[in-house]
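my_file-v2.pdb (PDB, C-alpha atoms, pLDDT in the B column) appears below.
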ATOM      1  CA  MET A  23       4.002 -13.806   5.383  1.00 81.00           C
ATOM      2  CA  ARG A  24       2.588 -13.535   1.870  1.00 93.00           C
ATOM      3  CA  GLU A  25      -1.092 -13.528   0.935  1.00 96.00           C
ATOM      4  CA  THR A  26      -2.834 -12.626  -2.313  1.00 97.00           C
ATOM      5  CA  TYR A  27      -6.295 -11.228  -3.039  1.00 98.00           C
ATOM      6  CA  PHE A  28      -8.349 -10.829  -6.214  1.00 98.00           C
ATOM      7  CA  ASN A  29      -6.427 -13.467  -8.207  1.00 97.00           C
ATOM      8  CA  GLY A  30      -3.062 -11.856  -7.470  1.00 97.00           C
ATOM      9  CA  LEU A  31      -3.988  -8.216  -8.140  1.00 98.00           C
ATOM     10  CA  VAL A  32      -3.070  -7.501  -4.511  1.00 98.00           C
ATOM     11  CA  VAL A  33      -0.128  -9.063  -2.654  1.00 98.00           C
ATOM     12  CA  HIS A  34       0.078  -8.574   1.132  1.00 98.00           C
ATOM     13  CA  MET A  35       3.577  -9.316   2.404  1.00 97.00           C
ATOM     14  CA  SER A  36       6.232  -8.692   4.999  1.00 95.00           C
ATOM     15  CA  MET A  37       9.385  -6.699   4.390  1.00 93.00           C
ATOM     16  CA  ASP A  38      11.651  -7.731   7.218  1.00 89.00           C
ATOM     17  CA  ALA A  39      14.062  -5.331   8.852  1.00 89.00           C
ATOM     18  CA  VAL A  40      17.608  -6.199   9.842  1.00 92.00           C
ATOM     19  CA  GLU A  41      18.213  -4.925  13.360  1.00 93.00           C
ATOM     20  CA  ASP A  42      21.297  -4.356  15.459  1.00 95.00           C
ATOM     21  CA  GLU A  43      22.401  -1.993  18.235  1.00 97.00           C
ATOM     22  CA  ARG A  44      22.350   0.973  15.801  1.00 96.00           C
ATOM     23  CA  GLY A  45      18.703   0.484  14.809  1.00 93.00           C
ATOM     24  CA  ALA A  46      16.943  -1.163  11.892  1.00 90.00           C
ATOM     25  CA  LEU A  47      17.342  -1.266   8.120  1.00 92.00           C
ATOM     26  CA  MET A  48      14.443  -2.471   5.989  1.00 92.00           C
ATOM     27  CA  PRO A  49      15.407  -3.345   2.405  1.00 92.00           C
ATOM     28  CA  ILE A  50      12.625  -2.863  -0.151  1.00 93.00           C
ATOM     29  CA  GLY A  51      13.318  -5.382  -2.939  1.00 91.00           C
ATOM     30  CA  LEU A  52      11.873  -3.521  -5.920  1.00 92.00           C
ATOM     31  CA  GLU A  53      13.572  -5.853  -8.383  1.00 92.00           C
ATOM     32  CA  LYS A  54      11.772  -8.880  -6.886  1.00 91.00           C
ATOM     33  CA  LEU A  55       8.459  -7.060  -7.337  1.00 92.00           C
ATOM     34  CA  ASP A  56       9.367  -5.878 -10.839  1.00 93.00           C
ATOM     35  CA  LEU A  57       8.447  -2.371  -9.684  1.00 95.00           C
ATOM     36  CA  ARG A  58      10.068   0.750 -11.121  1.00 96.00           C
ATOM     37  CA  PRO A  59       8.644   3.693  -9.148  1.00 97.00           C
ATOM     38  CA  GLN A  60       8.095   7.013 -10.905  1.00 97.00           C
ATOM     39  CA  HIS A  61       6.437   8.722  -7.944  1.00 97.00           C
ATOM     40  CA  ALA A  62       6.718   8.360  -4.169  1.00 97.00           C
ATOM     41  CA  PHE A  63       5.013   9.976  -1.213  1.00 97.00           C
ATOM     42  CA  LEU A  64       4.769   9.642   2.555  1.00 97.00           C
ATOM     43  CA  VAL A  65       1.422   9.859   4.334  1.00 96.00           C
ATOM     44  CA  THR A  66       1.378  10.737   8.020  1.00 94.00           C
ATOM     45  CA  GLY A  67      -2.145   9.978   9.148  1.00 89.00           C
ATOM     46  CA  ARG A  68      -3.791  10.932  12.372  1.00 91.00           C
ATOM     47  CA  PRO A  69      -5.247   7.961  14.255  1.00 90.00           C
ATOM     48  CA  GLY A  70      -8.821   7.488  13.062  1.00 92.00           C
ATOM     49  CA  ALA A  71      -8.242   9.322   9.764  1.00 95.00           C
ATOM     50  CA  GLY A  72      -9.108   7.737   6.424  1.00 96.00           C
ATOM     51  CA  ARG A  73      -7.219   8.358   3.194  1.00 96.00           C
ATOM     52  CA  GLY A  74      -7.377   7.036  -0.345  1.00 96.00           C
ATOM     53  CA  GLY A  75     -10.855   5.965  -1.327  1.00 96.00           C
ATOM     54  CA  HIS A  76     -10.042   5.519  -4.991  1.00 97.00           C
ATOM     55  CA  ALA A  77      -8.576   3.172  -7.588  1.00 97.00           C
ATOM     56  CA  HIS A  78      -6.181   3.917 -10.431  1.00 97.00           C
ATOM     57  CA  ARG A  79      -6.841   3.269 -14.109  1.00 96.00           C
ATOM     58  CA  ALA A  80      -3.303   1.960 -14.664  1.00 97.00           C
ATOM     59  CA  GLY A  81      -0.175   0.947 -12.780  1.00 97.00           C
ATOM     60  CA  ARG A  82       0.646  -0.504  -9.398  1.00 98.00           C
ATOM     61  CA  GLN A  83       1.415   0.995  -6.010  1.00 98.00           C
ATOM     62  CA  LEU A  84       3.478  -0.444  -3.178  1.00 98.00           C
ATOM     63  CA  PHE A  85       2.204   0.497   0.300  1.00 98.00           C
ATOM     64  CA  VAL A  86       4.781   0.157   3.098  1.00 97.00           C
ATOM     65  CA  CYS A  87       3.664   0.784   6.676  1.00 96.00           C
ATOM     66  CA  LEU A  88       6.555   2.498   8.461  1.00 94.00           C
ATOM     67  CA  SER A  89       4.869   2.878  11.855  1.00 93.00           C
ATOM     68  CA  GLY A  90       1.526   2.457  13.561  1.00 94.00           C
ATOM     69  CA  GLU A  91      -1.161   0.296  11.996  1.00 96.00           C
ATOM     70  CA  ILE A  92      -3.122   0.908   8.832  1.00 97.00           C
ATOM     71  CA  ASP A  93      -6.328  -0.926   8.010  1.00 98.00           C
ATOM     72  CA  VAL A  94      -6.771  -1.263   4.253  1.00 98.00           C
ATOM     73  CA  VAL A  95     -10.154  -1.820   2.614  1.00 98.00           C
ATOM     74  CA  LEU A  96      -9.847  -3.260  -0.902  1.00 98.00           C
ATOM     75  CA  ALA A  97     -12.663  -3.666  -3.435  1.00 98.00           C
ATOM     76  CA  TYR A  98     -12.774  -5.320  -6.841  1.00 97.00           C
ATOM     77  CA  HIS A  99     -15.757  -6.584  -8.885  1.00 96.00           C
ATOM     78  CA  GLY A 100     -18.173  -6.468  -5.949  1.00 96.00           C
ATOM     79  CA  GLU A 101     -15.849  -8.279  -3.520  1.00 97.00           C
ATOM     80  CA  THR A 102     -14.377  -6.506  -0.474  1.00 98.00           C
ATOM     81  CA  VAL A 103     -11.317  -7.512   1.540  1.00 98.00           C
ATOM     82  CA  HIS A 104     -10.088  -5.985   4.816  1.00 98.00           C
ATOM     83  CA  ALA A 105      -6.383  -6.307   5.672  1.00 98.00           C
ATOM     84  CA  THR A 106      -4.055  -4.644   8.168  1.00 97.00           C
ATOM     85  CA  LEU A 107      -0.586  -3.296   7.519  1.00 97.00           C
ATOM     86  CA  CYS A 108       1.416  -3.742  10.710  1.00 94.00           C
ATOM     87  CA  GLU A 109       4.590  -5.328  12.016  1.00 86.00           C
ATOM     88  CA  GLY A 110       4.897  -8.762  10.403  1.00 86.00           C
ATOM     89  CA  ALA A 111       2.662  -7.834   7.445  1.00 94.00           C
ATOM     90  CA  ASN A 112       3.840  -4.347   6.618  1.00 96.00           C
ATOM     91  CA  ALA A 113       3.637  -4.109   2.818  1.00 97.00           C
ATOM     92  CA  MET A 114       1.044  -4.447   0.070  1.00 98.00           C
ATOM     93  CA  LEU A 115       1.391  -4.299  -3.714  1.00 98.00           C
ATOM     94  CA  VAL A 116      -1.891  -3.065  -5.222  1.00 98.00           C
ATOM     95  CA  SER A 117      -2.549  -3.327  -8.971  1.00 98.00           C
ATOM     96  CA  SER A 118      -5.068  -1.292 -10.902  1.00 97.00           C
ATOM     97  CA  PRO A 119      -8.056  -1.221 -11.005  1.00 97.00           C
ATOM     98  CA  VAL A 120      -8.375  -2.369  -7.364  1.00 98.00           C
ATOM     99  CA  TRP A 121     -10.011   0.325  -5.200  1.00 98.00           C
ATOM    100  CA  SER A 122      -8.499   0.988  -1.762  1.00 98.00           C
ATOM    101  CA  ARG A 123      -8.995   3.103   1.328  1.00 98.00           C
ATOM    102  CA  GLN A 124      -6.547   3.322   4.213  1.00 98.00           C
ATOM    103  CA  ASN A 125      -7.673   3.910   7.806  1.00 97.00           C
ATOM    104  CA  TYR A 126      -4.901   5.006  10.151  1.00 97.00           C
ATOM    105  CA  ARG A 127      -4.572   3.858  13.756  1.00 94.00           C
ATOM    106  CA  GLY A 128      -1.957   3.140  16.373  1.00 87.00           C
ATOM    107  CA  GLN A 129       1.008   5.237  17.417  1.00 88.00           C
ATOM    108  CA  ASP A 130       2.221   7.708  14.739  1.00 92.00           C
ATOM    109  CA  PRO A 131       0.882   5.855  11.662  1.00 95.00           C
ATOM    110  CA  ARG A 132       2.982   6.455   8.532  1.00 95.00           C
ATOM    111  CA  LEU A 133       2.609   4.997   5.049  1.00 97.00           C
ATOM    112  CA  LEU A 134       5.223   5.131   2.286  1.00 97.00           C
ATOM    113  CA  VAL A 135       3.712   4.740  -1.202  1.00 98.00           C
ATOM    114  CA  LEU A 136       5.804   3.943  -4.289  1.00 98.00           C
ATOM    115  CA  SER A 137       3.907   4.267  -7.565  1.00 98.00           C
ATOM    116  CA  GLU A 138       4.839   2.973 -11.026  1.00 97.00           C
ATOM    117  CA  LEU A 139       3.339   6.023 -12.706  1.00 97.00           C
ATOM    118  CA  PRO A 140       3.734   9.773 -12.147  1.00 96.00           C
ATOM    119  CA  TYR A 141       0.959  11.566 -10.277  1.00 95.00           C
ATOM    120  CA  ASP A 142      -2.065  12.211 -12.498  1.00 95.00           C
ATOM    121  CA  PRO A 143      -5.406  13.184 -10.919  1.00 92.00           C
ATOM    122  CA  GLY A 144      -7.147  12.032 -14.139  1.00 93.00           C
ATOM    123  CA  ASP A 145      -6.015   8.475 -13.310  1.00 95.00           C
ATOM    124  CA  TYR A 146      -8.264   8.298 -10.218  1.00 95.00           C
ATOM    125  CA  VAL A 147     -11.458   6.233 -10.146  1.00 95.00           C
ATOM    126  CA  ASP A 148     -13.598   7.173  -7.139  1.00 91.00           C
ATOM    127  CA  GLU A 149     -16.011   4.239  -7.176  1.00 89.00           C
ATOM    128  CA  PRO A 150     -14.989   0.580  -6.829  1.00 87.00           C
ATOM    129  CA  CYS A 151     -15.164  -1.317 -10.135  1.00 78.00           C
TER     130      CYS A 151
END

For this file, write the structure as structure tokens.
Amino acid sequence: MRETYFNGLVVHMSMDAVEDERGALMPIGLEKLDLRPQHAFLVTGRPGAGRGGHAHRAGRQLFVCLSGEIDVVLAYHGETVHATLCEGANAMLVSSPVWSRQNYRGQDPRLLVLSELPYDPGDYVDEPC
């Protein structure tokens, strides 16, 4: 599965796990995405909770849903897209200045975020562009 929004500024994709009797291993092909993370964080959301609600002035972020389901609202130049991170479509590469908000649902929702740039609160844009 691979879908793009906003002329390629957002790529919604699947990162498939390799499973056997020991469990699962999900490779994250950063080289294929040309992504060199400088900052990473894990969000454990309570079902019904919303997080994000901002854009970044620069850089890209890779969202990887590790469990549960996460509805993502994306906005760019007056257009809004709703997408769901879940099994079969568990990753999304979001480029600046796309605004996003994540709404957590399902069993134990967890989101891994890999960012190209170090954390900088001055990089946040609260309103969609």

Handout entry: Option closest in space to Gln129 in chain A, from A:Glu109, A:Glu25, A:Glu91, A:Asp145 [counting all atoms listed in the file]
Key =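 Of all the options, A:Glu91 lies closest to Gln129 in chain A.
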
Practice task
Kindly indicate which residue among A:Arg58, A:His34, A:Leu47, A:Arg82 lies nearest to Val94 in chain A, using all atoms listed in the file for the distances.
Solution key: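 The answer is A:His34, which sits nearest to Val94 in chain A.
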
Handout entry: Proximity to Ala77 in chain A - best of A:Ile50, A:Ala97, A:Met35, A:Ile92, all atoms listed in the file
Key = A:Ala97

Handout entry: Distance of CA of Tyr27 in chain A from CA of Tyr98 in chain A, expressed in Å to one decimal place
Key = 9.6 Å

Practice task
Run through the PyMOL selection byres ((chain A and resi 73) around 10) on the given coordinates and return the selected residues as JSON, numbers by chain.
Solution key: {"A": [65, 67, 71, 72, 74, 75, 76, 94, 122, 123, 124, 125, 126]}

Go ahead and write the residues just picked, C-alpha atoms, as a PDB file, keeping the file's coordinate frame.
ATOM      1  CA  VAL A  65       1.422   9.859   4.334  1.00 96.00           C
ATOM      2  CA  GLY A  67      -2.145   9.978   9.148  1.00 89.00           C
ATOM      3  CA  ALA A  71      -8.242   9.322   9.764  1.00 95.00           C
ATOM      4  CA  GLY A  72      -9.108   7.737   6.424  1.00 96.00           C
ATOM      5  CA  GLY A  74      -7.377   7.036  -0.345  1.00 96.00           C
ATOM      6  CA  GLY A  75     -10.855   5.965  -1.327  1.00 96.00           C
ATOM      7  CA  HIS A  76     -10.042   5.519  -4.991  1.00 97.00           C
ATOM      8  CA  VAL A  94      -6.771  -1.263   4.253  1.00 98.00           C
ATOM      9  CA  SER A 122      -8.499   0.988  -1.762  1.00 98.00           C
ATOM     10  CA  ARG A 123      -8.995   3.103   1.328  1.00 98.00           C
ATOM     11  CA  GLN A 124      -6.547   3.322   4.213  1.00 98.00           C
ATOM     12  CA  ASN A 125      -7.673   3.910   7.806  1.00 97.00           C
ATOM     13  CA  TYR A 126      -4.901   5.006  10.151  1.00 97.00           C
TER      14      TYR A 126
END

Shell of 12 Å around Gly100 in chain A, all atoms listed in the file, local chain residues under 3 positions omitted, as a PDB file with C-alpha atoms, in the coordinates of the input:
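Below is the file that was written, around_2.pdb:
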ATOM      1  CA  PHE A  28      -8.349 -10.829  -6.214  1.00 98.00           C
ATOM      2  CA  LEU A  96      -9.847  -3.260  -0.902  1.00 98.00           C
ATOM      3  CA  ALA A  97     -12.663  -3.666  -3.435  1.00 98.00           C
ATOM      4  CA  VAL A 103     -11.317  -7.512   1.540  1.00 98.00           C
ATOM      5  CA  VAL A 120      -8.375  -2.369  -7.364  1.00 98.00           C
ATOM      6  CA  TRP A 121     -10.011   0.325  -5.200  1.00 98.00           C
ATOM      7  CA  GLU A 149     -16.011   4.239  -7.176  1.00 89.00           C
ATOM      8  CA  PRO A 150     -14.989   0.580  -6.829  1.00 87.00           C
ATOM      9  CA  CYS A 151     -15.164  -1.317 -10.135  1.00 78.00           C
TER      10      CYS A 151
END

Problem - From A:Ala80, A:Ser36, A:Phe85, A:Val116, residue lying nearest Met23 in chain A [only C-alpha atoms] - result: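 Of the candidates, the smallest distance to Met23 in chain A is held by A:Ser36.
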
Incomplete range 32-49 of chain A brought to N, CA, C and O atoms, written out as a compact mmCIF listing (two decimals), in the coordinates of the input:
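Saved as rebuild28.txt:
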# COMPACT_ATOMS: atom_id res chain seq x y z
N VAL A 32 -3.60 -8.07 -5.74
CA VAL A 32 -3.07 -7.50 -4.51
C VAL A 32 -2.22 -8.57 -3.82
O VAL A 32 -2.66 -9.71 -3.68
N VAL A 33 -1.02 -8.16 -3.40
CA VAL A 33 -0.13 -9.06 -2.65
C VAL A 33 0.19 -8.39 -1.33
O VAL A 33 0.73 -7.29 -1.29
N HIS A 34 -0.19 -9.06 -0.23
CA HIS A 34 0.08 -8.57 1.13
C HIS A 34 1.28 -9.35 1.64
O HIS A 34 1.29 -10.58 1.60
N MET A 35 2.32 -8.64 2.08
CA MET A 35 3.58 -9.32 2.40
C MET A 35 4.28 -8.64 3.56
O MET A 35 3.87 -7.59 4.03
N SER A 36 5.38 -9.25 3.95
CA SER A 36 6.23 -8.69 5.00
C SER A 36 7.58 -8.32 4.41
O SER A 36 8.17 -9.10 3.65
N MET A 37 8.02 -7.13 4.72
CA MET A 37 9.38 -6.70 4.39
C MET A 37 10.13 -6.63 5.71
O MET A 37 9.89 -5.74 6.53
N ASP A 38 10.99 -7.59 5.93
CA ASP A 38 11.65 -7.73 7.22
C ASP A 38 12.83 -6.78 7.35
O ASP A 38 13.61 -6.60 6.42
N ALA A 39 12.95 -6.22 8.54
CA ALA A 39 14.06 -5.33 8.85
C ALA A 39 15.21 -6.14 9.45
O ALA A 39 15.00 -7.17 10.09
N VAL A 40 16.41 -5.65 9.22
CA VAL A 40 17.61 -6.20 9.84
C VAL A 40 17.96 -5.25 10.98
O VAL A 40 18.14 -4.05 10.75
N GLU A 41 18.00 -5.78 12.19
CA GLU A 41 18.21 -4.92 13.36
C GLU A 41 19.52 -5.25 14.05
O GLU A 41 19.94 -6.40 14.11
N ASP A 42 20.14 -4.21 14.58
CA ASP A 42 21.30 -4.36 15.46
C ASP A 42 21.29 -3.20 16.45
O ASP A 42 20.30 -2.46 16.53
N GLU A 43 22.38 -3.02 17.19
CA GLU A 43 22.40 -1.99 18.24
C GLU A 43 22.25 -0.57 17.69
O GLU A 43 21.91 0.36 18.42
N ARG A 44 22.47 -0.36 16.40
CA ARG A 44 22.35 0.97 15.80
C ARG A 44 20.93 1.31 15.38
O ARG A 44 20.60 2.45 15.09
N GLY A 45 20.07 0.28 15.26
CA GLY A 45 18.70 0.48 14.81
C GLY A 45 18.32 -0.58 13.80
O GLY A 45 18.79 -1.70 13.86
N ALA A 46 17.47 -0.19 12.85
CA ALA A 46 16.94 -1.16 11.89
C ALA A 46 17.10 -0.64 10.47
O ALA A 46 17.03 0.57 10.22
N LEU A 47 17.28 -1.57 9.54
CA LEU A 47 17.34 -1.27 8.12
C LEU A 47 16.37 -2.21 7.42
O LEU A 47 16.45 -3.43 7.60
N MET A 48 15.43 -1.65 6.68
CA MET A 48 14.44 -2.47 5.99
C MET A 48 14.66 -2.36 4.48
O MET A 48 14.29 -1.36 3.87
N PRO A 49 15.26 -3.37 3.86
CA PRO A 49 15.41 -3.34 2.40
C PRO A 49 14.04 -3.50 1.72
O PRO A 49 13.19 -4.25 2.18
